[in-house]
Structure formats: structure tokens, C-alpha cells
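The file my_file-v5.txt contains compact mmCIF, C-alpha atoms:
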# COMPACT_ATOMS: atom_id res chain seq x y z
CA MET N 1 175.13 207.78 126.32
CA THR N 2 172.49 210.40 125.66
CA VAL N 3 171.14 213.04 127.98
CA LYS N 4 167.73 211.32 127.84
CA LEU N 5 169.23 208.11 129.22
CA LEU N 6 171.03 210.04 131.95
CA LEU N 7 167.73 211.66 132.94
CA LYS N 8 165.86 208.34 132.82
CA TRP N 9 168.45 206.61 135.02
CA GLY N 10 168.45 209.49 137.48
CA VAL N 11 172.07 210.48 136.84
CA ILE N 12 171.01 214.07 136.14
CA GLY N 13 168.70 215.93 138.51
CA MET N 14 168.05 219.38 139.92
CA GLY N 15 171.07 221.62 139.46
CA SER N 16 172.15 219.46 136.56
CA LEU N 17 174.75 220.51 134.03
CA GLU N 18 174.63 219.70 130.35
CA PRO N 19 177.08 216.78 129.91
CA GLN N 20 179.80 217.28 127.31
CA ASP N 21 182.34 215.16 125.49
CA MET N 22 186.04 215.77 124.90
CA SER N 23 185.38 218.06 121.92
CA TYR N 24 183.99 220.66 124.33
CA PHE N 25 187.56 221.61 125.33
CA ASP N 26 187.89 223.27 121.91
CA VAL N 27 184.62 225.25 121.90
CA ALA N 28 184.04 226.18 125.55
CA PRO N 29 183.62 229.90 126.21
CA VAL N 30 185.88 229.70 129.28
CA LYS N 31 189.11 227.70 129.01
CA SER N 32 192.08 226.97 131.20
CA THR N 33 195.23 225.08 130.27
CA ALA N 34 198.42 224.42 132.21
CA SER N 35 201.35 222.01 131.82
CA ILE N 36 204.23 220.81 133.93
CA GLU N 37 207.01 218.27 133.51
CA CYS N 38 207.12 215.42 136.01
CA PRO N 39 210.17 213.25 136.85
CA VAL N 40 208.13 210.02 137.09
CA PRO N 41 206.40 207.88 134.45
CA ALA N 42 202.89 208.72 133.24
CA ARG N 43 201.52 205.49 134.75
CA VAL N 44 202.43 206.73 138.24
CA VAL N 45 200.77 210.11 137.68
CA PHE N 46 197.69 208.33 136.30
CA ALA N 47 197.54 206.21 139.47
CA VAL N 48 197.50 209.40 141.57
CA LEU N 49 194.70 210.88 139.44
CA ALA N 50 192.69 207.66 139.67
CA ASP N 51 193.01 207.52 143.47
CA HIS N 52 189.86 209.58 144.06
CA ARG N 53 189.84 209.54 147.85
CA ARG N 54 193.36 211.01 148.09
CA TRP N 55 192.66 214.05 145.88
CA PRO N 56 192.25 216.39 148.90
CA GLU N 57 195.88 215.62 149.83
CA TRP N 58 197.25 217.34 146.72
CA ILE N 59 194.63 219.26 144.69
CA GLY N 60 194.07 222.13 147.12
CA MET N 61 191.43 224.60 145.88
CA GLY N 62 189.28 223.88 148.93
CA VAL N 63 188.59 220.26 147.96
CA SER N 64 187.76 218.36 151.15
CA ALA N 65 186.53 215.07 149.64
CA ALA N 66 186.42 213.16 146.37
CA GLU N 67 184.12 210.18 146.70
CA PRO N 68 183.36 207.58 144.02
CA THR N 69 179.60 207.18 143.56
CA SER N 70 179.46 204.24 141.16
CA GLN N 71 180.48 200.64 140.73
CA PRO N 72 182.98 200.25 139.29
CA GLU N 73 184.70 203.29 140.78
CA SER N 74 186.95 203.78 137.76
CA GLY N 75 186.72 203.86 134.01
CA VAL N 76 184.53 205.57 131.44
CA GLY N 77 181.00 205.90 132.80
CA SER N 78 182.00 205.91 136.46
CA THR N 79 181.01 208.84 138.66
CA ARG N 80 182.28 210.66 141.72
CA THR N 81 181.37 213.68 143.84
CA LEU N 82 183.83 216.41 144.70
CA VAL N 83 183.11 218.31 147.92
CA ILE N 84 184.57 221.82 148.02
CA ALA N 85 184.65 224.54 150.68
CA ARG N 86 183.45 222.23 153.47
CA GLY N 87 180.40 221.20 151.50
CA ALA N 88 179.37 224.65 150.28
CA LEU N 89 179.94 223.37 146.74
CA ARG N 90 179.37 219.84 145.46
CA VAL N 91 180.15 218.77 141.91
CA ARG N 92 179.10 215.38 140.55
CA GLU N 93 181.39 214.19 137.77
CA TRP N 94 180.96 211.56 135.08
CA PHE N 95 184.13 210.13 133.49
CA ILE N 96 184.23 210.46 129.72
CA ALA N 97 187.87 209.38 129.14
CA TRP N 98 189.93 206.83 131.05
CA GLU N 99 192.79 205.72 128.82
CA GLU N 100 195.54 204.55 131.14
CA PRO N 101 198.18 206.01 131.26
CA ALA N 102 197.49 208.85 128.81
CA VAL N 103 194.05 210.49 129.18
CA TRP N 104 191.77 211.03 132.18
CA ALA N 105 188.73 213.35 131.88
CA PHE N 106 185.24 214.00 133.18
CA THR N 107 182.22 216.17 132.53
CA GLY N 108 180.21 217.79 135.28
CA ILE N 109 176.67 216.44 135.54
CA ASP N 110 175.44 218.16 138.70
CA CYS N 111 176.59 221.12 140.74
CA ARG N 112 175.08 222.54 143.92
CA PRO N 113 174.92 225.46 143.91
CA ARG N 114 174.87 225.59 140.14
CA VAL N 115 177.95 227.67 139.34
CA PHE N 116 178.47 225.93 135.98
CA ALA N 117 176.16 225.31 133.03
CA LYS N 118 178.72 223.05 131.34
CA LEU N 119 182.03 221.67 132.56
CA VAL N 120 184.76 219.38 131.23
CA GLU N 121 188.13 218.82 132.91
CA GLY N 122 190.93 216.47 132.06
CA PHE N 123 194.57 215.54 132.21
CA GLY N 124 196.74 214.40 129.33
CA LEU N 125 199.96 212.56 130.15
CA GLU N 126 202.73 212.46 127.56
CA SER N 127 205.79 210.26 128.08
CA LEU N 128 209.06 212.16 127.73
CA GLY N 129 211.24 209.06 128.01
CA GLU N 130 213.73 208.35 130.79
CA GLY N 131 210.84 207.75 133.21
CA SER N 132 209.34 211.23 133.01
CA CYS N 133 206.23 212.78 131.52
CA ARG N 134 204.46 216.03 130.75
CA ILE N 135 201.16 216.62 132.53
CA THR N 136 198.72 218.86 130.68
CA TYR N 137 195.53 219.98 132.40
CA ARG N 138 192.59 221.34 130.40
CA MET N 139 189.29 222.77 131.55
CA GLY N 140 186.40 224.08 129.51
CA CYS N 141 183.25 225.49 131.01
CA GLU N 142 180.29 227.77 130.57
CA LEU N 143 178.85 229.71 133.46
CA PRO N 144 175.09 230.10 133.98
CA LEU N 145 173.50 233.23 132.53
CA LEU N 146 173.69 235.26 135.75
CA LEU N 147 177.41 234.48 136.18
CA LYS N 148 178.48 234.89 132.53
CA PRO N 149 179.79 238.44 133.05
CA MET N 150 182.37 236.91 135.41
CA SER N 151 183.68 234.46 132.76
CA PRO N 152 187.00 236.25 131.99
CA PHE N 153 187.75 236.68 135.69
CA PHE N 154 186.79 233.07 136.43
CA GLY N 155 189.09 231.76 133.67
CA ARG N 156 192.08 233.67 135.08
CA ILE N 157 191.39 232.60 138.68
CA TRP N 158 190.94 228.95 137.65
CA THR N 159 194.18 228.93 135.65
CA ARG N 160 196.05 230.41 138.61
CA ALA N 161 194.57 227.75 140.94
CA ILE N 162 195.48 224.81 138.71
CA VAL N 163 198.99 226.17 138.07
CA GLY N 164 199.36 226.07 141.86
CA ALA N 165 197.96 222.53 142.09
CA LEU N 166 200.13 220.90 139.40
CA PRO N 167 203.35 220.95 141.48
CA ASN N 168 201.36 219.23 144.25
CA LEU N 169 200.34 216.52 141.76
CA VAL N 170 204.00 216.07 140.78
CA SER N 171 204.99 215.77 144.47
CA ALA N 172 202.22 213.21 145.09
CA ALA N 173 203.41 211.18 142.08
CA VAL N 174 207.04 211.29 143.26
CA ARG N 175 205.97 210.13 146.75
CA ARG N 176 203.87 207.34 145.23
CA GLN N 177 206.79 206.12 143.13
CA GLN N 178 209.19 206.28 146.09
CA SER N 179 206.77 204.27 148.25
CA GLY N 180 206.50 201.62 145.52
CA SER N 181 202.71 201.78 145.43
CA ALA N 182 202.52 202.72 141.75
In C-alpha cells, how does this file's structure come out?
Amino acid sequence: MTVKLLLKWGVIGMGSLEPQDMSYFDVAPVKSTASIECPVPARVVFAVLADHRRWPEWIGMGVSAAEPTSQPESGVGSTRTLVIARGALRVREWFIAWEEPAVWAFTGIDCRPRVFAKLVEGFGLESLGEGSCRITYRMGCELPLLLKPMSPFFGRIWTRAIVGALPNLVSAAVRRQQSGSA
């Protein structure tokens, strides 16, 4: 889908970010990567990632809501809004990869206030056999001109935050498997 179509359909508006594809992970000026091993299969972790409304239970980082904003709610092309810091920050996301159970990623398309110029985040899930997997998180972003001097600091802070969130994702996946809802 092109940016022109997104504008025409009203997907992008004031405070909009420049949508990116998966290749942006490799060229983004600010990057964050973290991995963790998980004692449950990738399909269970993917189910936790795809359960938008329950993100606040494990992601931390001030996320208070994750609401789907499209029909269908899942798959490439679907959208959701993340509410952070009690609504002080809202990020609208457009899913660019949804390959169950291996790849799940989105690009930011709107952010209020506009703290990003470009944003891509995603999770890769690699089976390790014996019912376990490796979760790898990647983020690539560019900050708006006025915030660019903070880019190195932002990258370090973001990496620290996601390293703290990954064990919560593992715990949520373990609970999901134990409850049999995976």
C-alpha cells in the first residue's frame, strides 16, 4: 500500500509518521534489539502478542491500553492504537507482518504528540525444539528534527525498557500455556 492511498483513506492524518516496511530495521538511525529464550512454543508466544487488549498486563512501559481499530483486528493491514502514560501518548500502528507463529511487526502511522518521525517494531519467534523458542524484539525509529539530539539516549532507554518487558512476555506465555488457552 502506498502513502498516497493511506492519506486518501484517512489512515494517516495530523501527527502522522512516515510508514515503513520491514527493511527499515536495517537502516533506522535509532535501533534496539533484545532476545530471550522462552520455555513454551512460538505459537503460544504469538498468541500472547496477537491478544492486543491484554498487552497492558505484561508490556509495562506505561502502556494502559492496546485497542484494535480495524476489522479484521489481526493480520497484515490491521491497525491498533496504543495508549501510554494515561493517554499522554497515543501511537496508531499498522501491521506490516503477521506470519504466525514466526513474525509479528508493525509500523507507526500516527503519534500524538509526535515523538517519532518513523517507527517500526516487531518480534521474531524462532523454534528451539522441545517446545521452546527464542523471542527477538527489534525496533527501528527516527525522531523528529527537534528530538534528534536525544537519539542515542532514547535508544539506550528503549533497549533497557524492552529488556525489562521480555521476561513479562515469557511469563504471560507460560501462564497462557498452563491455562490451555493457547
Non-local contacts of region 45-60 of chain N (7 Å; all atoms listed in the file; under 5 positions in same chain excluded) as a PDB file with C-alpha atoms, in the frame of the given file:
ATOM      1  CA  ALA N  65     186.530 215.070 149.640  1.00  0.00           C
ATOM      2  CA  ALA N  66     186.420 213.160 146.370  1.00  0.00           C
ATOM      3  CA  GLU N  67     184.120 210.180 146.700  1.00  0.00           C
ATOM      4  CA  PRO N  68     183.360 207.580 144.020  1.00  0.00           C
ATOM      5  CA  GLU N 100     195.540 204.550 131.140  1.00  0.00           C
ATOM      6  CA  PRO N 101     198.180 206.010 131.260  1.00  0.00           C
ATOM      7  CA  ALA N 165     197.960 222.530 142.090  1.00  0.00           C
ATOM      8  CA  ASN N 168     201.360 219.230 144.250  1.00  0.00           C
ATOM      9  CA  LEU N 169     200.340 216.520 141.760  1.00  0.00           C
ATOM     10  CA  ALA N 172     202.220 213.210 145.090  1.00  0.00           C
ATOM     11  CA  ALA N 173     203.410 211.180 142.080  1.00  0.00           C
ATOM     12  CA  ALA N 182     202.520 202.720 141.750  1.00  0.00           C
TER      13      ALA N 182
END
**Request:** Kindly give the distance, in Å, that separates CA of Glu93 (chain N) and CA of Ser179 (chain N), rounded to a single decimal.
**Result:**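 Distance between the two atoms: 29.2 Å.
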**For Ile162 (chain N), the nearest of the candidates N:Phe116, N:Phe106, N:Trp98, N:Phe123, counting all atoms listed in the file** = N:Phe123
**Request:** For each of N:Trp104, N:Met61, N:Trp94, N:Gly75, take the minimum atom-to-atom distance to Glu126 (chain N), counting all atoms listed in the file, then give the residue where this is smallest.
**Result:**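 Result for the nearest residue to Glu126 (chain N): N:Trp104.
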**Complete:** CA of Ser70 (chain N) sits from CA of Gln177 (chain N) at a separation of 27.5 Å
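Proximity to Val174 (chain N) was assessed for N:Pro19, N:Pro144, N:Gly131, N:Pro72 counting only C-alpha atoms; the smallest distance is recorded for N:Gly131.
Nearest residue to Ile135 (chain N) among N:Ala28, N:Val120, N:Ala161, N:Ile36 is N:Ile36, counting all atoms listed in the file.
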**Prompt:** Which residue gives the smallest distance to Asp110 (chain N) among N:Met22, N:Leu17, N:Val27, N:Ala88, with all atoms listed in the file counted?
**Reply:**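 Going through N:Met22, N:Leu17, N:Val27, N:Ala88 one by one, the smallest distance to Asp110 (chain N) is for N:Leu17.
Put simply, CA of Arg80 (chain N) is 26.7 Å away from CA of Leu146 (chain N).
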Output region 48-59 of chain N as a PDB file, keeping the file's coordinate frame, making sure all heavy atoms are there.
ATOM      1  N   VAL N  48     197.860 208.348 140.611  1.00  0.00           N
ATOM      2  CA  VAL N  48     197.500 209.400 141.570  1.00  0.00           C
ATOM      3  C   VAL N  48     196.166 210.018 141.175  1.00  0.00           C
ATOM      4  O   VAL N  48     195.287 210.217 142.023  1.00  0.00           O
ATOM      5  CB  VAL N  48     198.609 210.487 141.649  1.00  0.00           C
ATOM      6  CG1 VAL N  48     198.149 211.669 142.504  1.00  0.00           C
ATOM      7  CG2 VAL N  48     199.897 209.891 142.194  1.00  0.00           C
ATOM      8  N   LEU N  49     195.976 210.318 139.897  1.00  0.00           N
ATOM      9  CA  LEU N  49     194.700 210.880 139.440  1.00  0.00           C
ATOM     10  C   LEU N  49     193.539 209.935 139.717  1.00  0.00           C
ATOM     11  O   LEU N  49     192.456 210.372 140.111  1.00  0.00           O
ATOM     12  CB  LEU N  49     194.764 211.184 137.937  1.00  0.00           C
ATOM     13  CG  LEU N  49     195.700 212.303 137.504  1.00  0.00           C
ATOM     14  CD1 LEU N  49     195.814 212.333 135.986  1.00  0.00           C
ATOM     15  CD2 LEU N  49     195.232 213.640 138.053  1.00  0.00           C
ATOM     16  N   ALA N  50     193.754 208.651 139.514  1.00  0.00           N
ATOM     17  CA  ALA N  50     192.690 207.660 139.670  1.00  0.00           C
ATOM     18  C   ALA N  50     192.373 207.327 141.130  1.00  0.00           C
ATOM     19  O   ALA N  50     191.357 206.700 141.416  1.00  0.00           O
ATOM     20  CB  ALA N  50     193.074 206.373 138.925  1.00  0.00           C
ATOM     21  N   ASP N  51     193.214 207.781 142.041  1.00  0.00           N
ATOM     22  CA  ASP N  51     193.010 207.520 143.470  1.00  0.00           C
ATOM     23  C   ASP N  51     192.115 208.634 144.033  1.00  0.00           C
ATOM     24  O   ASP N  51     192.567 209.554 144.720  1.00  0.00           O
ATOM     25  CB  ASP N  51     194.365 207.497 144.179  1.00  0.00           C
ATOM     26  CG  ASP N  51     194.296 206.999 145.596  1.00  0.00           C
ATOM     27  OD1 ASP N  51     193.171 206.806 146.118  1.00  0.00           O
ATOM     28  OD2 ASP N  51     195.363 206.802 146.198  1.00  0.00           O
ATOM     29  N   HIS N  52     190.824 208.534 143.729  1.00  0.00           N
ATOM     30  CA  HIS N  52     189.860 209.580 144.060  1.00  0.00           C
ATOM     31  C   HIS N  52     189.972 210.080 145.504  1.00  0.00           C
ATOM     32  O   HIS N  52     190.038 211.276 145.759  1.00  0.00           O
ATOM     33  CB  HIS N  52     188.428 209.095 143.835  1.00  0.00           C
ATOM     34  CG  HIS N  52     188.154 208.616 142.466  1.00  0.00           C
ATOM     35  ND1 HIS N  52     188.195 209.444 141.367  1.00  0.00           N
ATOM     36  CD2 HIS N  52     187.816 207.390 142.000  1.00  0.00           C
ATOM     37  CE1 HIS N  52     187.896 208.750 140.285  1.00  0.00           C
ATOM     38  NE2 HIS N  52     187.660 207.496 140.637  1.00  0.00           N
ATOM     39  N   ARG N  53     189.932 209.169 146.431  1.00  0.00           N
ATOM     40  CA  ARG N  53     189.840 209.540 147.850  1.00  0.00           C
ATOM     41  C   ARG N  53     191.035 210.354 148.348  1.00  0.00           C
ATOM     42  O   ARG N  53     190.939 211.039 149.345  1.00  0.00           O
ATOM     43  CB  ARG N  53     189.644 208.294 148.691  1.00  0.00           C
ATOM     44  CG  ARG N  53     188.268 207.678 148.502  1.00  0.00           C
ATOM     45  CD  ARG N  53     188.107 206.378 149.286  1.00  0.00           C
ATOM     46  NE  ARG N  53     186.807 205.787 149.057  1.00  0.00           N
ATOM     47  CZ  ARG N  53     186.525 204.975 148.042  1.00  0.00           C
ATOM     48  NH1 ARG N  53     187.459 204.645 147.161  1.00  0.00           N
ATOM     49  NH2 ARG N  53     185.306 204.478 147.899  1.00  0.00           N
ATOM     50  N   ARG N  54     192.159 210.278 147.641  1.00  0.00           N
ATOM     51  CA  ARG N  54     193.360 211.010 148.090  1.00  0.00           C
ATOM     52  C   ARG N  54     193.518 212.370 147.408  1.00  0.00           C
ATOM     53  O   ARG N  54     194.474 213.088 147.686  1.00  0.00           O
ATOM     54  CB  ARG N  54     194.586 210.129 147.874  1.00  0.00           C
ATOM     55  CG  ARG N  54     194.457 208.852 148.751  1.00  0.00           C
ATOM     56  CD  ARG N  54     195.661 208.062 148.822  1.00  0.00           C
ATOM     57  NE  ARG N  54     196.608 208.763 149.702  1.00  0.00           N
ATOM     58  CZ  ARG N  54     197.779 208.261 150.002  1.00  0.00           C
ATOM     59  NH1 ARG N  54     198.156 207.107 149.511  1.00  0.00           N
ATOM     60  NH2 ARG N  54     198.596 208.926 150.791  1.00  0.00           N
ATOM     61  N   TRP N  55     192.576 212.745 146.551  1.00  0.00           N
ATOM     62  CA  TRP N  55     192.660 214.050 145.880  1.00  0.00           C
ATOM     63  C   TRP N  55     192.825 215.209 146.865  1.00  0.00           C
ATOM     64  O   TRP N  55     193.625 216.112 146.607  1.00  0.00           O
ATOM     65  CB  TRP N  55     191.434 214.261 144.994  1.00  0.00           C
ATOM     66  CG  TRP N  55     191.667 213.852 143.578  1.00  0.00           C
ATOM     67  CD1 TRP N  55     192.051 212.622 143.138  1.00  0.00           C
ATOM     68  CD2 TRP N  55     191.541 214.667 142.428  1.00  0.00           C
ATOM     69  NE1 TRP N  55     192.160 212.629 141.773  1.00  0.00           N
ATOM     70  CE2 TRP N  55     191.850 213.874 141.317  1.00  0.00           C
ATOM     71  CE3 TRP N  55     191.181 215.997 142.237  1.00  0.00           C
ATOM     72  CZ2 TRP N  55     191.831 214.372 140.024  1.00  0.00           C
ATOM     73  CZ3 TRP N  55     191.148 216.485 140.949  1.00  0.00           C
ATOM     74  CH2 TRP N  55     191.477 215.678 139.851  1.00  0.00           C
ATOM     75  N   PRO N  56     192.093 215.248 147.986  1.00  0.00           N
ATOM     76  CA  PRO N  56     192.250 216.390 148.900  1.00  0.00           C
ATOM     77  C   PRO N  56     193.685 216.574 149.404  1.00  0.00           C
ATOM     78  O   PRO N  56     194.060 217.678 149.797  1.00  0.00           O
ATOM     79  CB  PRO N  56     191.305 216.064 150.058  1.00  0.00           C
ATOM     80  CG  PRO N  56     190.270 215.177 149.447  1.00  0.00           C
ATOM     81  CD  PRO N  56     191.022 214.348 148.429  1.00  0.00           C
ATOM     82  N   GLU N  57     194.495 215.528 149.361  1.00  0.00           N
ATOM     83  CA  GLU N  57     195.880 215.620 149.830  1.00  0.00           C
ATOM     84  C   GLU N  57     196.754 216.470 148.917  1.00  0.00           C
ATOM     85  O   GLU N  57     197.779 216.976 149.353  1.00  0.00           O
ATOM     86  CB  GLU N  57     196.487 214.222 149.969  1.00  0.00           C
ATOM     87  CG  GLU N  57     195.823 213.373 151.027  1.00  0.00           C
ATOM     88  CD  GLU N  57     196.357 211.954 151.054  1.00  0.00           C
ATOM     89  OE1 GLU N  57     197.433 211.689 150.462  1.00  0.00           O
ATOM     90  OE2 GLU N  57     195.689 211.100 151.661  1.00  0.00           O
ATOM     91  N   TRP N  58     196.378 216.608 147.638  1.00  0.00           N
ATOM     92  CA  TRP N  58     197.250 217.340 146.720  1.00  0.00           C
ATOM     93  C   TRP N  58     196.561 218.430 145.892  1.00  0.00           C
ATOM     94  O   TRP N  58     197.206 219.389 145.488  1.00  0.00           O
ATOM     95  CB  TRP N  58     197.986 216.384 145.778  1.00  0.00           C
ATOM     96  CG  TRP N  58     197.103 215.603 144.840  1.00  0.00           C
ATOM     97  CD1 TRP N  58     196.592 214.363 145.043  1.00  0.00           C
ATOM     98  CD2 TRP N  58     196.633 216.032 143.558  1.00  0.00           C
ATOM     99  NE1 TRP N  58     195.820 213.988 143.965  1.00  0.00           N
ATOM    100  CE2 TRP N  58     195.840 215.001 143.037  1.00  0.00           C
ATOM    101  CE3 TRP N  58     196.815 217.185 142.804  1.00  0.00           C
ATOM    102  CZ2 TRP N  58     195.211 215.089 141.801  1.00  0.00           C
ATOM    103  CZ3 TRP N  58     196.194 217.265 141.557  1.00  0.00           C
ATOM    104  CH2 TRP N  58     195.409 216.217 141.075  1.00  0.00           C
ATOM    105  N   ILE N  59     195.268 218.330 145.638  1.00  0.00           N
ATOM    106  CA  ILE N  59     194.630 219.260 144.690  1.00  0.00           C
ATOM    107  C   ILE N  59     194.474 220.666 145.257  1.00  0.00           C
ATOM    108  O   ILE N  59     194.525 221.641 144.517  1.00  0.00           O
ATOM    109  CB  ILE N  59     193.285 218.710 144.167  1.00  0.00           C
ATOM    110  CG1 ILE N  59     192.753 219.534 142.985  1.00  0.00           C
ATOM    111  CG2 ILE N  59     192.243 218.666 145.268  1.00  0.00           C
ATOM    112  CD1 ILE N  59     193.541 219.473 141.736  1.00  0.00           C
TER     113      ILE N  59
END
